[in-house]
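To start, the structure under review is shown below, and the notes come after it.
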Amino acid sequence: MKNYKQQFKGKKITIMGLGLLGRGLGYTKFLAECGADLIVTDLKNKEQLKASVEAIKNYELRIKNKNSKKIKFVLGEHRLEDFKGRDMIIKAAGVPLDSPFIKEAKKNGIPIEMDVSLFIKSSPGIKVIGVTGTRGKSMTTALIYHILKDNIKNHNVYLGGNMRGVATLPLLKKIKEDDILVCELDSWQLQGFGDSKISPNISVFTSFMPDHMNYYKDSMKDYFSDKANIFKYQKEDDILIVRPGMKKFVKKTDTKGKLIVANYKDVESWRFNVLGSHQRENLACAVEVAKQLNIPVSKIKKSVASFKGLEGRTQLLRVYREIKIYNDNNATTPQATIAGLEALKSNRKNIILICGGADKKLDLIDLVKNVNKYCKFVSLIPGTGTEVLINNYKLKINNEAGKDLKDVVLKAIKHAEKGDTILFSPAFASFGMFNNEYERNDEFIKIIKKLK
């Protein structure tokens, strides 16, 4: 967009939540480049955020010009004064619903923005494809992006939203009218859509089940309300695509646009390299998106056949001593781990499950039933959720907790035999032992690659 710099030049902006995933880093750099007057505040301290802070300071030195201003860091705390007298607050995902600092900003009439929704409001004329769901949003987003990149040649296709390390706002430097943004949207990012009263042109809602109850305080209503922003403000010529299980949550009367229920039977026979019937449903959604953009089915099939899958989603990482090791790190709910077990089950009980982590206040009854049914051993990652699992539920198979992830992996290897499957599918959040799920993912891959 031609005048994107003018939108932010000289504006007093407080960035609430820098983080370590790269998203906050990305849009902080971008806004500094535009000449914004920035305060960056985060509850993590300087040492915890060392990598992000150093990257910003190095960037400041590289872009130093007459427009750029020194970035002020307020770390280890938030201060009410940083939410007064500002032109804009950009909040990161996961800021508490009852944050006194956001309330202070609103009281002072300061607009609250988020990365993706701010980008969309700044980019009139682009087509936005948004994907949400408790499970399946990353895979569906990646599939849509892969198919569109293969087949749309007259416009650029960009990836944004909740994908790892991706900040969407800096795409303002590249994007042109009629280009396409494909973005994964979690419930937190969709808060920004609700505040701005916007929804994507094409929306996909894959699934809805309990998650983040530690954040939403056991309120499924509040959780769904944030998710529903993906279709709530659609117009008559917009499109909402859902998996069959979403029909009970989303009815035709809920959206002004066209409602399509994707049918996995339409793609049941397609060549697709990703395991699991639930992934076929995600595939069906991606195919429907491509059809709406008038891509021929023959070309869609060709693109789907070349799709290699996604890291951390029932990904075959290595065959070690005739033992298959799968990385399903992004399974952070019991239902996601159950789906992984279902995808890898065989006619014998040969799965060694690595699971555990931080409690998300979710029911574990079905998880335990499936673990008892399909697993021969469970190697447990320490954490508050693991303690709930051990103390409050009955695992009928052998299990043992390790002191750290490497120890947990070695215990799993010890109990595996030729022909067995090791499934790393945590079912819980990563916090406590790790800063985030991506750090846990990288550590697991590193451990497996070093096995001798």
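Convention: chains lettered A, B, ... in structure tokens order; per-chain residue numbering from 1; ligands numbered from 1 as shown.
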- Query: range 202-380 of chain A: which residues are alpha helix (DSSP H) by DSSP, as a PyMOL selection string?
  - Reply: chain A and resi 213-216+220-227+229-232+277-292+297-305+334-344+365-374
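Nearest residue to Ile110 in chain A, choosing from A:Pro124, A:Gly130, A:Gly22, A:Gly85 and counting only C-alpha atoms: A:Gly85.
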- Contacts of Cys285 in chain A at 9 Å (only C-alpha atoms; same-chain gap of 4+ positions) as a PyMOL selection string: chain A and resi 140+144+204-206+241-243+261-264+280-281+289-290
- Identify, on the basis of only C-alpha atoms, every residue whose closest approach to Gln189 in chain A does not exceed 8 Å; exclude the query and any residue fewer than 4 positions from it along the same chain; express the result as JSON, numbers by chain. {"A": [93, 114, 115, 116, 117, 161, 185, 193]}
Lys373 in chain A: which residues within 12 Å, counting only C-alpha atoms, same-chain residues fewer than 6 positions away excluded, as a PDB file with all heavy atoms, in the first residue's frame?
```
ATOM      1  N   ILE A 338      -5.982 -37.612  20.833  1.00  0.00           N
ATOM      2  CA  ILE A 338      -6.854 -38.742  20.470  1.00  0.00           C
ATOM      3  C   ILE A 338      -6.858 -38.929  18.950  1.00  0.00           C
ATOM      4  O   ILE A 338      -6.771 -40.052  18.447  1.00  0.00           O
ATOM      5  CB  ILE A 338      -8.297 -38.514  20.991  1.00  0.00           C
ATOM      6  CG1 ILE A 338      -8.322 -38.610  22.520  1.00  0.00           C
ATOM      7  CG2 ILE A 338      -9.261 -39.541  20.393  1.00  0.00           C
ATOM      8  CD1 ILE A 338      -9.620 -38.110  23.149  1.00  0.00           C
ATOM      9  N   LEU A 341      -3.713 -40.666  17.942  1.00  0.00           N
ATOM     10  CA  LEU A 341      -3.767 -42.093  18.287  1.00  0.00           C
ATOM     11  C   LEU A 341      -4.631 -42.853  17.283  1.00  0.00           C
ATOM     12  O   LEU A 341      -4.269 -43.953  16.843  1.00  0.00           O
ATOM     13  CB  LEU A 341      -4.322 -42.270  19.705  1.00  0.00           C
ATOM     14  CG  LEU A 341      -3.430 -41.801  20.854  1.00  0.00           C
ATOM     15  CD1 LEU A 341      -4.200 -41.809  22.172  1.00  0.00           C
ATOM     16  CD2 LEU A 341      -2.190 -42.675  20.968  1.00  0.00           C
ATOM     17  N   GLU A 342      -5.763 -42.267  16.917  1.00  0.00           N
ATOM     18  CA  GLU A 342      -6.650 -42.891  15.935  1.00  0.00           C
ATOM     19  C   GLU A 342      -5.960 -43.038  14.581  1.00  0.00           C
ATOM     20  O   GLU A 342      -6.122 -44.045  13.888  1.00  0.00           O
ATOM     21  CB  GLU A 342      -7.927 -42.052  15.770  1.00  0.00           C
ATOM     22  CG  GLU A 342      -8.883 -42.126  16.946  1.00  0.00           C
ATOM     23  CD  GLU A 342      -9.744 -43.388  16.924  1.00  0.00           C
ATOM     24  OE1 GLU A 342      -9.671 -44.140  15.937  1.00  0.00           O
ATOM     25  OE2 GLU A 342     -10.480 -43.610  17.908  1.00  0.00           O
ATOM     26  N   LYS A 345      -3.205 -45.965  14.977  1.00  0.00           N
ATOM     27  CA  LYS A 345      -3.556 -47.249  15.592  1.00  0.00           C
ATOM     28  C   LYS A 345      -3.333 -48.392  14.605  1.00  0.00           C
ATOM     29  O   LYS A 345      -3.404 -48.223  13.388  1.00  0.00           O
ATOM     30  CB  LYS A 345      -5.016 -47.220  16.050  1.00  0.00           C
ATOM     31  CG  LYS A 345      -6.015 -47.169  14.913  1.00  0.00           C
ATOM     32  CD  LYS A 345      -7.435 -47.047  15.438  1.00  0.00           C
ATOM     33  CE  LYS A 345      -8.431 -46.972  14.270  1.00  0.00           C
ATOM     34  NZ  LYS A 345      -9.818 -46.784  14.727  1.00  0.00           N
ATOM     35  N   SER A 346      -3.077 -49.575  15.140  1.00  0.00           N
ATOM     36  CA  SER A 346      -2.908 -50.771  14.304  1.00  0.00           C
ATOM     37  C   SER A 346      -3.689 -51.916  14.943  1.00  0.00           C
ATOM     38  O   SER A 346      -4.414 -51.722  15.922  1.00  0.00           O
ATOM     39  CB  SER A 346      -1.426 -51.127  14.194  1.00  0.00           C
ATOM     40  OG  SER A 346      -0.946 -51.612  15.434  1.00  0.00           O
ATOM     41  N   ASN A 347      -3.518 -53.109  14.405  1.00  0.00           N
ATOM     42  CA  ASN A 347      -4.248 -54.257  14.955  1.00  0.00           C
ATOM     43  C   ASN A 347      -3.595 -54.811  16.211  1.00  0.00           C
ATOM     44  O   ASN A 347      -4.020 -55.824  16.745  1.00  0.00           O
ATOM     45  CB  ASN A 347      -4.400 -55.365  13.902  1.00  0.00           C
ATOM     46  CG  ASN A 347      -3.048 -55.816  13.344  1.00  0.00           C
ATOM     47  OD1 ASN A 347      -2.001 -55.367  13.819  1.00  0.00           O
ATOM     48  ND2 ASN A 347      -3.078 -56.677  12.355  1.00  0.00           N
ATOM     49  N   ARG A 348      -2.540 -54.159  16.652  1.00  0.00           N
ATOM     50  CA  ARG A 348      -1.950 -54.541  17.942  1.00  0.00           C
ATOM     51  C   ARG A 348      -1.623 -53.280  18.742  1.00  0.00           C
ATOM     52  O   ARG A 348      -1.478 -52.198  18.184  1.00  0.00           O
ATOM     53  CB  ARG A 348      -0.708 -55.417  17.748  1.00  0.00           C
ATOM     54  CG  ARG A 348       0.490 -54.726  17.133  1.00  0.00           C
ATOM     55  CD  ARG A 348       1.610 -55.726  16.865  1.00  0.00           C
ATOM     56  NE  ARG A 348       2.819 -55.066  16.391  1.00  0.00           N
ATOM     57  CZ  ARG A 348       3.802 -54.644  17.173  1.00  0.00           C
ATOM     58  NH1 ARG A 348       3.705 -54.777  18.498  1.00  0.00           N
ATOM     59  NH2 ARG A 348       4.873 -54.071  16.673  1.00  0.00           N
ATOM     60  N   LYS A 349      -1.504 -53.463  20.032  1.00  0.00           N
ATOM     61  CA  LYS A 349      -1.278 -52.328  20.932  1.00  0.00           C
ATOM     62  C   LYS A 349       0.217 -51.990  20.906  1.00  0.00           C
ATOM     63  O   LYS A 349       0.986 -52.519  21.699  1.00  0.00           O
ATOM     64  CB  LYS A 349      -1.727 -52.749  22.332  1.00  0.00           C
ATOM     65  CG  LYS A 349      -2.216 -51.625  23.205  1.00  0.00           C
ATOM     66  CD  LYS A 349      -2.826 -52.199  24.484  1.00  0.00           C
ATOM     67  CE  LYS A 349      -3.299 -51.109  25.402  1.00  0.00           C
ATOM     68  NZ  LYS A 349      -3.883 -51.628  26.642  1.00  0.00           N
ATOM     69  N   ASN A 350       0.600 -51.106  19.985  1.00  0.00           N
ATOM     70  CA  ASN A 350       2.041 -50.895  19.780  1.00  0.00           C
ATOM     71  C   ASN A 350       2.469 -49.430  19.835  1.00  0.00           C
ATOM     72  O   ASN A 350       3.510 -49.057  19.325  1.00  0.00           O
ATOM     73  CB  ASN A 350       2.458 -51.488  18.435  1.00  0.00           C
ATOM     74  CG  ASN A 350       1.914 -50.695  17.263  1.00  0.00           C
ATOM     75  OD1 ASN A 350       0.880 -50.062  17.369  1.00  0.00           O
ATOM     76  ND2 ASN A 350       2.618 -50.730  16.139  1.00  0.00           N
ATOM     77  N   ILE A 351       1.660 -48.567  20.463  1.00  0.00           N
ATOM     78  CA  ILE A 351       2.011 -47.145  20.536  1.00  0.00           C
ATOM     79  C   ILE A 351       2.590 -46.809  21.903  1.00  0.00           C
ATOM     80  O   ILE A 351       2.004 -47.128  22.937  1.00  0.00           O
ATOM     81  CB  ILE A 351       0.784 -46.248  20.263  1.00  0.00           C
ATOM     82  CG1 ILE A 351       0.254 -46.481  18.837  1.00  0.00           C
ATOM     83  CG2 ILE A 351       1.138 -44.770  20.449  1.00  0.00           C
ATOM     84  CD1 ILE A 351      -1.013 -45.712  18.525  1.00  0.00           C
ATOM     85  N   ILE A 352       3.744 -46.178  21.884  1.00  0.00           N
ATOM     86  CA  ILE A 352       4.325 -45.582  23.094  1.00  0.00           C
ATOM     87  C   ILE A 352       4.059 -44.088  22.984  1.00  0.00           C
ATOM     88  O   ILE A 352       4.522 -43.427  22.042  1.00  0.00           O
ATOM     89  CB  ILE A 352       5.844 -45.847  23.217  1.00  0.00           C
ATOM     90  CG1 ILE A 352       6.112 -47.327  23.523  1.00  0.00           C
ATOM     91  CG2 ILE A 352       6.437 -45.008  24.332  1.00  0.00           C
ATOM     92  CD1 ILE A 352       6.280 -48.171  22.320  1.00  0.00           C
ATOM     93  N   LEU A 353       3.283 -43.570  23.907  1.00  0.00           N
ATOM     94  CA  LEU A 353       2.883 -42.161  23.852  1.00  0.00           C
ATOM     95  C   LEU A 353       3.765 -41.316  24.759  1.00  0.00           C
ATOM     96  O   LEU A 353       4.010 -41.673  25.915  1.00  0.00           O
ATOM     97  CB  LEU A 353       1.418 -42.022  24.287  1.00  0.00           C
ATOM     98  CG  LEU A 353       0.855 -40.600  24.347  1.00  0.00           C
ATOM     99  CD1 LEU A 353       0.799 -39.963  22.957  1.00  0.00           C
ATOM    100  CD2 LEU A 353      -0.527 -40.588  25.003  1.00  0.00           C
ATOM    101  N   ASP A 366     -11.832 -38.881  28.045  1.00  0.00           N
ATOM    102  CA  ASP A 366     -11.726 -39.539  26.738  1.00  0.00           C
ATOM    103  C   ASP A 366     -10.273 -39.814  26.362  1.00  0.00           C
ATOM    104  O   ASP A 366      -9.972 -40.833  25.728  1.00  0.00           O
ATOM    105  CB  ASP A 366     -12.390 -38.686  25.659  1.00  0.00           C
ATOM    106  CG  ASP A 366     -13.911 -38.699  25.763  1.00  0.00           C
ATOM    107  OD1 ASP A 366     -14.453 -39.628  26.397  1.00  0.00           O
ATOM    108  OD2 ASP A 366     -14.560 -37.786  25.228  1.00  0.00           O
ATOM    109  N   LEU A 367      -9.384 -38.914  26.736  1.00  0.00           N
ATOM    110  CA  LEU A 367      -7.961 -39.143  26.467  1.00  0.00           C
ATOM    111  C   LEU A 367      -7.489 -40.418  27.160  1.00  0.00           C
ATOM    112  O   LEU A 367      -6.841 -41.276  26.548  1.00  0.00           O
ATOM    113  CB  LEU A 367      -7.130 -37.949  26.948  1.00  0.00           C
ATOM    114  CG  LEU A 367      -5.605 -38.137  26.857  1.00  0.00           C
ATOM    115  CD1 LEU A 367      -5.154 -38.246  25.407  1.00  0.00           C
ATOM    116  CD2 LEU A 367      -4.870 -36.986  27.554  1.00  0.00           C
ATOM    117  N   LEU A 395      -4.835 -44.396  34.627  1.00  0.00           N
ATOM    118  CA  LEU A 395      -4.104 -44.977  33.512  1.00  0.00           C
ATOM    119  C   LEU A 395      -3.865 -46.452  33.837  1.00  0.00           C
ATOM    120  O   LEU A 395      -3.212 -46.773  34.829  1.00  0.00           O
ATOM    121  CB  LEU A 395      -2.768 -44.258  33.310  1.00  0.00           C
ATOM    122  CG  LEU A 395      -2.800 -42.901  32.612  1.00  0.00           C
ATOM    123  CD1 LEU A 395      -1.433 -42.248  32.654  1.00  0.00           C
ATOM    124  CD2 LEU A 395      -3.271 -43.044  31.175  1.00  0.00           C
ATOM    125  N   LYS A 396      -4.397 -47.336  33.004  1.00  0.00           N
ATOM    126  CA  LYS A 396      -4.301 -48.778  33.275  1.00  0.00           C
ATOM    127  C   LYS A 396      -3.059 -49.408  32.667  1.00  0.00           C
ATOM    128  O   LYS A 396      -2.842 -50.609  32.786  1.00  0.00           O
ATOM    129  CB  LYS A 396      -5.553 -49.480  32.740  1.00  0.00           C
ATOM    130  CG  LYS A 396      -6.836 -49.061  33.455  1.00  0.00           C
ATOM    131  CD  LYS A 396      -8.041 -49.767  32.866  1.00  0.00           C
ATOM    132  CE  LYS A 396      -9.314 -49.330  33.569  1.00  0.00           C
ATOM    133  NZ  LYS A 396     -10.529 -49.958  32.975  1.00  0.00           N
ATOM    134  N   ILE A 397      -2.265 -48.620  31.989  1.00  0.00           N
ATOM    135  CA  ILE A 397      -1.043 -49.146  31.382  1.00  0.00           C
ATOM    136  C   ILE A 397       0.164 -48.561  32.089  1.00  0.00           C
ATOM    137  O   ILE A 397       0.071 -47.568  32.821  1.00  0.00           O
ATOM    138  CB  ILE A 397      -0.989 -48.814  29.878  1.00  0.00           C
ATOM    139  CG1 ILE A 397      -1.074 -47.294  29.676  1.00  0.00           C
ATOM    140  CG2 ILE A 397      -2.099 -49.517  29.122  1.00  0.00           C
ATOM    141  CD1 ILE A 397      -0.796 -46.862  28.270  1.00  0.00           C
TER     142      ILE A 397
END
```
- Task: Considering only C-alpha atoms, return as a list of chain:residue names whatever protein or nucleic-acid residues lie within 7 Å of range 23-30 of chain A, sequence-local ones (same chain, fewer than 6 positions apart) excluded.
- Result: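 These residues fall inside the cut-off: A:Gly17, A:Ser52, A:Ile56, A:Gly165, A:Val166, A:Ala167, A:Leu169, A:Pro170.
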What would the file look like if the residues just selected were written as a JSON list (two decimals), in the first residue's frame with all heavy atoms?
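Final file, part_10.json:
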```
[["chain", "number", "residue", "atom", "x", "y", "z"],
["A", 17, "GLY", "N", 3.22, -6.57, 24.62],
["A", 17, "GLY", "CA", 3.59, -7.96, 24.42],
["A", 17, "GLY", "C", 4.54, -8.13, 23.25],
["A", 17, "GLY", "O", 4.11, -8.19, 22.10],
["A", 52, "SER", "N", 14.80, -11.16, 21.50],
["A", 52, "SER", "CA", 13.95, -10.20, 20.80],
["A", 52, "SER", "C", 14.44, -8.77, 20.99],
["A", 52, "SER", "O", 14.46, -7.99, 20.03],
["A", 52, "SER", "CB", 12.50, -10.32, 21.30],
["A", 52, "SER", "OG", 11.94, -11.57, 20.96],
["A", 56, "ILE", "N", 15.86, -6.13, 18.05],
["A", 56, "ILE", "CA", 15.30, -4.80, 17.81],
["A", 56, "ILE", "C", 16.38, -3.72, 17.88],
["A", 56, "ILE", "O", 16.44, -2.82, 17.05],
["A", 56, "ILE", "CB", 14.16, -4.49, 18.80],
["A", 56, "ILE", "CG1", 12.93, -5.34, 18.47],
["A", 56, "ILE", "CG2", 13.80, -3.01, 18.79],
["A", 56, "ILE", "CD1", 11.82, -5.24, 19.48],
["A", 165, "GLY", "N", 6.40, -17.39, 13.53],
["A", 165, "GLY", "CA", 7.37, -16.37, 13.16],
["A", 165, "GLY", "C", 6.88, -15.34, 12.17],
["A", 165, "GLY", "O", 7.66, -14.52, 11.67],
["A", 166, "VAL", "N", 5.57, -15.35, 11.86],
["A", 166, "VAL", "CA", 5.04, -14.47, 10.82],
["A", 166, "VAL", "C", 4.34, -13.26, 11.44],
["A", 166, "VAL", "O", 3.42, -13.41, 12.23],
["A", 166, "VAL", "CB", 4.03, -15.24, 9.92],
["A", 166, "VAL", "CG1", 3.36, -14.29, 8.94],
["A", 166, "VAL", "CG2", 4.74, -16.36, 9.17],
["A", 167, "ALA", "N", 4.80, -12.07, 11.08],
["A", 167, "ALA", "CA", 4.09, -10.84, 11.42],
["A", 167, "ALA", "C", 3.39, -10.38, 10.15],
["A", 167, "ALA", "O", 4.00, -10.35, 9.07],
["A", 167, "ALA", "CB", 5.06, -9.78, 11.92],
["A", 169, "LEU", "N", 1.55, -7.34, 9.63],
["A", 169, "LEU", "CA", 1.57, -5.90, 9.34],
["A", 169, "LEU", "C", 2.68, -5.50, 8.36],
["A", 169, "LEU", "O", 2.43, -4.67, 7.47],
["A", 169, "LEU", "CB", 1.70, -5.12, 10.66],
["A", 169, "LEU", "CG", 1.29, -3.64, 10.64],
["A", 169, "LEU", "CD1", -0.14, -3.46, 10.16],
["A", 169, "LEU", "CD2", 1.48, -3.03, 12.03],
["A", 170, "PRO", "N", 3.89, -6.06, 8.45],
["A", 170, "PRO", "CA", 4.95, -5.67, 7.50],
["A", 170, "PRO", "C", 4.64, -6.01, 6.04],
["A", 170, "PRO", "O", 5.31, -5.50, 5.14],
["A", 170, "PRO", "CB", 6.17, -6.48, 7.99],
["A", 170, "PRO", "CG", 5.91, -6.72, 9.43],
["A", 170, "PRO", "CD", 4.43, -6.91, 9.53]]
```
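In terms of minimum interatomic distance to Tyr59 in chain A, A:Ile71 ranks closest within A:Lys103, A:Ile71, A:Asn229, A:Ile120, counting only C-alpha atoms.
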